[in-house]
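The structure appears right after this line, and notes come after that.
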Amino acid sequence: MTETQPQIFEPEGRAIPYVEDAGSEPVLVLIPGRSNIAALGTLAHVLAEEDFRILRVGYRTGRTDGVTLHDLAQDVVDVMDHVGLGDAWVGGHAFGGAVARTLSTDHTDRVDGVLLLGAEGDEPRTDLEPLQAAAAAAASPEEWTALAPTVPVMLIQGGADEVLPPANGERLQAAAPGLVSLVTLDGGGHLFPATHAGEAAFVIEDYLDVD
């Protein structure tokens, strides 16, 4: 598999990388946990083969001082506008899921559902990259854990994830049982979107009732 080189969208001094993987529908926006936009490439390609339209959006460079979760969510919306996406399922791995959740609360009309690939805990981790750490530190506890009350959440997690332990996802589902659906992949570690991409894609396809 050859990874597609990211394009760069530069609104107002922000340089936001993004990759489009061909397909038509369903439409899914994916946000990586770290700055490597290729990290979700395997999962994106598996889903694209099933005719999903995938938009992967990475993290800005330039204009990073004082950045918040809301700013990072706005970056994703701006790229969606740039490529002509009105609404979509929005998902993220690890910290990317915090951005996806924030997007769903800030721009509920743009989000059909949230896909979490692993669930962050009630407090930010200490191993985040500088940009993500700054955004997490700027968030109140309520902002960090917020879920949009009308947006469904599909949570997939690795049963052997030592970075985001399965207990995180279980607590999230217990807090919002009518909103959050949870599937745990046996043997999946923190990088399960790459190592268990086929299994994760099957769960996504089944949840979205894709034939």
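Residue names in the structure tokens use chain letters A, B, ... in the order shown, residue numbers from 1 in each chain, and ligand numbers from 1 in the order shown.
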
When you look at Thr61 (chain A) with a cut-off of 9 Å (counting only C-alpha atoms), what residues show up, excluding the ones that are within fewer than 5 positions of it in the same chain? I need them as a PDB file with all heavy atoms, in the first residue's frame.
ATOM      1  N   GLY A  13      -3.015  31.644   7.847  1.00  0.00           N
ATOM      2  CA  GLY A  13      -1.733  31.325   8.447  1.00  0.00           C
ATOM      3  C   GLY A  13      -1.641  29.971   9.105  1.00  0.00           C
ATOM      4  O   GLY A  13      -0.617  29.638   9.701  1.00  0.00           O
ATOM      5  N   ARG A  14      -2.713  29.186   9.039  1.00  0.00           N
ATOM      6  CA  ARG A  14      -2.664  27.816   9.553  1.00  0.00           C
ATOM      7  C   ARG A  14      -2.310  26.887   8.394  1.00  0.00           C
ATOM      8  O   ARG A  14      -2.817  27.052   7.291  1.00  0.00           O
ATOM      9  CB  ARG A  14      -4.017  27.404  10.130  1.00  0.00           C
ATOM     10  CG  ARG A  14      -4.435  28.170  11.371  1.00  0.00           C
ATOM     11  CD  ARG A  14      -5.918  27.934  11.676  1.00  0.00           C
ATOM     12  NE  ARG A  14      -6.776  28.645  10.754  1.00  0.00           N
ATOM     13  CZ  ARG A  14      -8.031  28.302  10.469  1.00  0.00           C
ATOM     14  NH1 ARG A  14      -8.552  27.207  11.008  1.00  0.00           N
ATOM     15  NH2 ARG A  14      -8.752  29.020   9.634  1.00  0.00           N
ATOM     16  N   ALA A  15      -1.470  25.919   8.644  1.00  0.00           N
ATOM     17  CA  ALA A  15      -1.128  24.933   7.614  1.00  0.00           C
ATOM     18  C   ALA A  15      -1.658  23.587   8.095  1.00  0.00           C
ATOM     19  O   ALA A  15      -1.078  22.957   8.978  1.00  0.00           O
ATOM     20  CB  ALA A  15       0.379  24.880   7.396  1.00  0.00           C
ATOM     21  N   ILE A  16      -2.783  23.157   7.525  1.00  0.00           N
ATOM     22  CA  ILE A  16      -3.486  21.959   7.991  1.00  0.00           C
ATOM     23  C   ILE A  16      -3.340  20.866   6.938  1.00  0.00           C
ATOM     24  O   ILE A  16      -3.822  21.014   5.813  1.00  0.00           O
ATOM     25  CB  ILE A  16      -4.976  22.251   8.227  1.00  0.00           C
ATOM     26  CG1 ILE A  16      -5.158  23.514   9.081  1.00  0.00           C
ATOM     27  CG2 ILE A  16      -5.656  21.046   8.880  1.00  0.00           C
ATOM     28  CD1 ILE A  16      -6.573  24.052   9.068  1.00  0.00           C
ATOM     29  N   PRO A  17      -2.693  19.755   7.273  1.00  0.00           N
ATOM     30  CA  PRO A  17      -2.555  18.674   6.296  1.00  0.00           C
ATOM     31  C   PRO A  17      -3.832  17.842   6.214  1.00  0.00           C
ATOM     32  O   PRO A  17      -4.536  17.655   7.218  1.00  0.00           O
ATOM     33  CB  PRO A  17      -1.395  17.840   6.863  1.00  0.00           C
ATOM     34  CG  PRO A  17      -1.486  18.041   8.334  1.00  0.00           C
ATOM     35  CD  PRO A  17      -2.004  19.451   8.534  1.00  0.00           C
TER      36      PRO A  17
END

I'd like a table as a tab-separated table: residues in region 94-207 of chain A with an atom no more than 10 Å from region 37-41 of chain A, each row giving the shortest atom pair and its distance in Å to one decimal, only C-alpha atoms counted, sorted by chain and rising residue number.
residue	atom	partner	partner_atom	distance
A:Leu191	CA	A:Ala39	CA	8.5
A:Phe192	CA	A:Leu40	CA	9.8
A:Pro193	CA	A:Leu40	CA	6.5
A:Ala194	CA	A:Leu40	CA	6.7
A:Ala197	CA	A:Leu40	CA	9.0

Residues from last step as file, C-alpha atoms, as a short mmCIF file (atom, residue, chain, number, x, y, z; two decimals), in the first residue's frame:
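Once everything was written out, this is again-v8.cif:
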data_model
loop_
_atom_site.label_atom_id
_atom_site.label_comp_id
_atom_site.auth_asym_id
_atom_site.auth_seq_id
_atom_site.Cartn_x
_atom_site.Cartn_y
_atom_site.Cartn_z
CA LEU A 191 -2.27 0.93 17.43
CA PHE A 192 -5.19 -1.35 16.60
CA PRO A 193 -6.45 0.95 13.79
CA ALA A 194 -3.35 -0.22 11.90
CA ALA A 197 -7.73 -2.46 10.58
#

(request) Skip Asp87 (chain A) itself and residues of its chain fewer than 6 positions away, then list as number ranges by chain all residues within 8 Å of it, counting only C-alpha atoms. (result) A: 109-112

Write the residues of the selection above to a file with C-alpha atoms, as a CSV table (one decimal), in the first residue's frame.
chain,number,residue,atom,x,y,z
A,109,ASP,CA,-25.2,20.1,12.6
A,110,ARG,CA,-22.1,19.0,10.8
A,111,VAL,CA,-21.7,15.6,12.6
A,112,ASP,CA,-23.9,12.6,11.9

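Here the question is which of A:Ala44, A:Val79, A:Ala176, A:Ala73 gets nearest to Ala148 (chain A) using only C-alpha atoms, and that residue is A:Ala176.
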
(request) Using only C-alpha atoms, find the one residue out of A:Glu50, A:Glu120, A:Asp65, A:Asp75 that sits nearest to Phe9 (chain A). (result) A:Asp75

(message) Ranking A:Ile54, A:Ala119, A:Leu208, A:Ala100 by minimum distance to Val163 (chain A) and counting only C-alpha atoms, which one comes first?
(response) A:Ala119

(request) Mind checking which residues fall within 8 Å of Val114 (chain A), counting only C-alpha atoms, ignoring those fewer than 6 positions away in the same chain, and posting them as a PyMOL selection string? (result) chain A and resi 89-91+100-101+104+151-154

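Every protein or nucleic acid residue with an atom no more than 6 Å from region 18-21 of chain A, counting only C-alpha atoms and leaving out same-chain residues fewer than 6 positions away, appears here: Pro6, Gln7, Ile54, Leu55, Arg56, Val57 and Gly58 of chain A.
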
Write to file, as a tab-separated table (two decimals), in the first residue's frame, the residues of the selection just made, with all heavy atoms.
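Okay, selection-v1.tsv is ready:
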chain	number	residue	atom	x	y	z
A	6	PRO	N	0.00	14.02	1.86
A	6	PRO	CA	-1.00	15.00	2.29
A	6	PRO	C	-0.96	16.27	1.44
A	6	PRO	O	0.09	16.68	0.94
A	6	PRO	CB	-0.59	15.31	3.74
A	6	PRO	CG	0.30	14.19	4.15
A	6	PRO	CD	0.98	13.72	2.90
A	7	GLN	N	-2.12	16.87	1.29
A	7	GLN	CA	-2.22	18.22	0.78
A	7	GLN	C	-2.24	19.17	1.98
A	7	GLN	O	-2.52	18.75	3.11
A	7	GLN	CB	-3.49	18.39	-0.05
A	7	GLN	CG	-3.55	17.45	-1.25
A	7	GLN	CD	-4.78	17.70	-2.09
A	7	GLN	OE1	-4.93	18.76	-2.71
A	7	GLN	NE2	-5.68	16.72	-2.12
A	54	ILE	N	-13.36	8.93	2.62
A	54	ILE	CA	-12.60	9.21	3.83
A	54	ILE	C	-11.82	10.51	3.66
A	54	ILE	O	-11.13	10.71	2.67
A	54	ILE	CB	-11.60	8.08	4.15
A	54	ILE	CG1	-12.32	6.72	4.20
A	54	ILE	CG2	-10.87	8.37	5.45
A	54	ILE	CD1	-13.28	6.57	5.35
A	55	LEU	N	-11.94	11.37	4.65
A	55	LEU	CA	-11.13	12.58	4.73
A	55	LEU	C	-10.34	12.50	6.02
A	55	LEU	O	-10.93	12.45	7.11
A	55	LEU	CB	-12.02	13.83	4.73
A	55	LEU	CG	-11.31	15.17	5.00
A	55	LEU	CD1	-10.34	15.50	3.87
A	55	LEU	CD2	-12.33	16.29	5.18
A	56	ARG	N	-9.01	12.43	5.90
A	56	ARG	CA	-8.16	12.45	7.09
A	56	ARG	C	-7.62	13.87	7.27
A	56	ARG	O	-7.10	14.46	6.32
A	56	ARG	CB	-7.00	11.47	6.93
A	56	ARG	CG	-7.39	10.01	7.08
A	56	ARG	CD	-6.20	9.10	6.89
A	56	ARG	NE	-5.91	8.85	5.49
A	56	ARG	CZ	-4.71	8.55	5.01
A	56	ARG	NH1	-3.66	8.53	5.82
A	56	ARG	NH2	-4.53	8.30	3.74
A	57	VAL	N	-7.75	14.39	8.47
A	57	VAL	CA	-7.31	15.76	8.76
A	57	VAL	C	-6.30	15.72	9.90
A	57	VAL	O	-6.58	15.18	10.97
A	57	VAL	CB	-8.49	16.68	9.14
A	57	VAL	CG1	-7.99	18.11	9.38
A	57	VAL	CG2	-9.56	16.66	8.05
A	58	GLY	N	-5.12	16.28	9.65
A	58	GLY	CA	-4.07	16.30	10.66
A	58	GLY	C	-4.08	17.59	11.46
A	58	GLY	O	-5.07	18.32	11.51

(request) Please run DSSP on the backbone and report, as a VMD selection string, all residues within region 7-176 of chain A that come out as strand (DSSP E). (result) chain A and resid 7 to 9 16 to 21 27 to 31 53 to 57 88 to 93 111 to 117 153 to 158

Those residues you just picked out, can you put them in a file as a compact mmCIF listing (two decimals), in the first residue's frame with N, CA, C and O atoms?
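This went into out07.txt:
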# COMPACT_ATOMS: atom_id res chain seq x y z
N GLN A 7 -2.12 16.87 1.29
CA GLN A 7 -2.22 18.22 0.78
C GLN A 7 -2.24 19.17 1.98
O GLN A 7 -2.52 18.75 3.11
N ILE A 8 -1.95 20.42 1.74
CA ILE A 8 -1.91 21.40 2.82
C ILE A 8 -2.91 22.51 2.51
O ILE A 8 -2.87 23.14 1.45
N PHE A 9 -3.81 22.74 3.46
CA PHE A 9 -4.76 23.84 3.37
C PHE A 9 -4.29 24.92 4.34
O PHE A 9 -4.01 24.64 5.50
N ILE A 16 -2.78 23.16 7.52
CA ILE A 16 -3.49 21.96 7.99
C ILE A 16 -3.34 20.87 6.94
O ILE A 16 -3.82 21.01 5.81
N PRO A 17 -2.69 19.76 7.27
CA PRO A 17 -2.56 18.67 6.30
C PRO A 17 -3.83 17.84 6.21
O PRO A 17 -4.54 17.66 7.22
N TYR A 18 -4.12 17.35 5.02
CA TYR A 18 -5.28 16.48 4.87
C TYR A 18 -5.06 15.53 3.71
O TYR A 18 -4.27 15.80 2.79
N VAL A 19 -5.75 14.40 3.77
CA VAL A 19 -5.70 13.39 2.71
C VAL A 19 -7.12 12.94 2.43
O VAL A 19 -7.89 12.66 3.36
N GLU A 20 -7.48 12.88 1.15
CA GLU A 20 -8.77 12.32 0.75
C GLU A 20 -8.55 10.93 0.17
O GLU A 20 -7.71 10.74 -0.70
N ASP A 21 -9.33 9.96 0.65
CA ASP A 21 -9.31 8.61 0.11
C ASP A 21 -10.62 8.39 -0.64
O ASP A 21 -11.71 8.57 -0.09
N VAL A 27 -19.66 8.89 4.46
CA VAL A 27 -18.55 9.83 4.55
C VAL A 27 -18.03 9.82 5.98
O VAL A 27 -18.80 9.95 6.94
N LEU A 28 -16.72 9.67 6.13
CA LEU A 28 -16.10 9.58 7.45
C LEU A 28 -14.86 10.46 7.48
O LEU A 28 -13.98 10.33 6.63
N VAL A 29 -14.80 11.35 8.44
CA VAL A 29 -13.63 12.18 8.68
C VAL A 29 -12.84 11.55 9.82
O VAL A 29 -13.41 11.22 10.87
N LEU A 30 -11.54 11.37 9.62
CA LEU A 30 -10.69 10.74 10.63
C LEU A 30 -9.58 11.69 11.07
O LEU A 30 -8.93 12.32 10.24
N ILE A 31 -9.36 11.74 12.38
CA ILE A 31 -8.35 12.61 12.97
C ILE A 31 -7.37 11.74 13.74
O ILE A 31 -7.79 11.00 14.64
N ARG A 53 -16.15 7.35 1.60
CA ARG A 53 -15.36 8.54 1.30
C ARG A 53 -14.67 8.94 2.60
O ARG A 53 -15.35 9.24 3.60
N ILE A 54 -13.36 8.93 2.62
CA ILE A 54 -12.60 9.21 3.83
C ILE A 54 -11.82 10.51 3.66
O ILE A 54 -11.13 10.71 2.67
N LEU A 55 -11.94 11.37 4.65
CA LEU A 55 -11.13 12.58 4.73
C LEU A 55 -10.34 12.50 6.02
O LEU A 55 -10.93 12.45 7.11
N ARG A 56 -9.01 12.43 5.90
CA ARG A 56 -8.16 12.45 7.09
C ARG A 56 -7.62 13.87 7.27
O ARG A 56 -7.10 14.46 6.32
N VAL A 57 -7.75 14.39 8.47
CA VAL A 57 -7.31 15.76 8.76
C VAL A 57 -6.30 15.72 9.90
O VAL A 57 -6.58 15.18 10.97
N ALA A 88 -20.87 14.69 8.10
CA ALA A 88 -20.15 13.41 8.04
C ALA A 88 -20.11 12.79 9.42
O ALA A 88 -20.36 13.45 10.43
N TRP A 89 -19.80 11.50 9.46
CA TRP A 89 -19.33 10.90 10.69
C TRP A 89 -17.92 11.43 10.92
O TRP A 89 -17.14 11.53 9.96
N VAL A 90 -17.61 11.77 12.16
CA VAL A 90 -16.30 12.31 12.49
C VAL A 90 -15.68 11.42 13.56
O VAL A 90 -16.30 11.16 14.60
N GLY A 91 -14.47 10.94 13.27
CA GLY A 91 -13.83 10.02 14.20
C GLY A 91 -12.40 10.41 14.49
O GLY A 91 -11.77 11.16 13.75
N GLY A 92 -11.88 9.86 15.58
CA GLY A 92 -10.50 10.13 15.92
C GLY A 92 -9.91 9.03 16.76
O GLY A 92 -10.63 8.35 17.51
N HIS A 93 -8.61 8.86 16.61
CA HIS A 93 -7.86 7.91 17.43
C HIS A 93 -7.26 8.65 18.61
O HIS A 93 -6.62 9.70 18.44
N VAL A 111 -22.17 16.97 12.17
CA VAL A 111 -21.71 15.65 12.63
C VAL A 111 -22.88 14.68 12.71
O VAL A 111 -23.81 14.86 13.50
N ASP A 112 -22.82 13.62 11.89
CA ASP A 112 -23.86 12.59 11.92
C ASP A 112 -23.64 11.62 13.07
O ASP A 112 -24.59 10.99 13.56
N GLY A 113 -22.41 11.46 13.49
CA GLY A 113 -22.06 10.58 14.59
C GLY A 113 -20.58 10.71 14.86
O GLY A 113 -19.82 11.23 14.04
N VAL A 114 -20.17 10.26 16.03
CA VAL A 114 -18.76 10.30 16.44
C VAL A 114 -18.23 8.88 16.53
O VAL A 114 -18.86 8.00 17.13
N LEU A 115 -17.06 8.65 15.92
CA LEU A 115 -16.36 7.38 16.01
C LEU A 115 -15.12 7.58 16.86
O LEU A 115 -14.22 8.33 16.48
N LEU A 116 -15.07 6.91 18.01
CA LEU A 116 -13.90 6.99 18.88
C LEU A 116 -13.09 5.71 18.72
O LEU A 116 -13.61 4.61 18.93
N LEU A 117 -11.83 5.85 18.38
CA LEU A 117 -10.91 4.72 18.28
C LEU A 117 -10.05 4.74 19.53
O LEU A 117 -8.95 5.29 19.55
N VAL A 153 -22.48 7.88 19.46
CA VAL A 153 -21.05 7.62 19.56
C VAL A 153 -20.79 6.13 19.38
O VAL A 153 -21.38 5.30 20.08
N MET A 154 -19.93 5.78 18.43
CA MET A 154 -19.47 4.41 18.23
C MET A 154 -18.05 4.35 18.75
O MET A 154 -17.16 5.04 18.22
N LEU A 155 -17.82 3.58 19.80
CA LEU A 155 -16.50 3.47 20.42
C LEU A 155 -15.92 2.09 20.16
O LEU A 155 -16.52 1.08 20.54
N ILE A 156 -14.77 2.04 19.50
CA ILE A 156 -14.02 0.81 19.30
C ILE A 156 -12.72 0.95 20.08
O ILE A 156 -12.04 1.97 19.98
N GLN A 157 -12.36 -0.07 20.84
CA GLN A 157 -11.13 0.01 21.61
C GLN A 157 -10.40 -1.32 21.58
O GLN A 157 -10.98 -2.38 21.31
N GLY A 158 -9.10 -1.25 21.82
CA GLY A 158 -8.29 -2.45 21.88
C GLY A 158 -8.31 -3.06 23.25
O GLY A 158 -8.10 -2.37 24.25
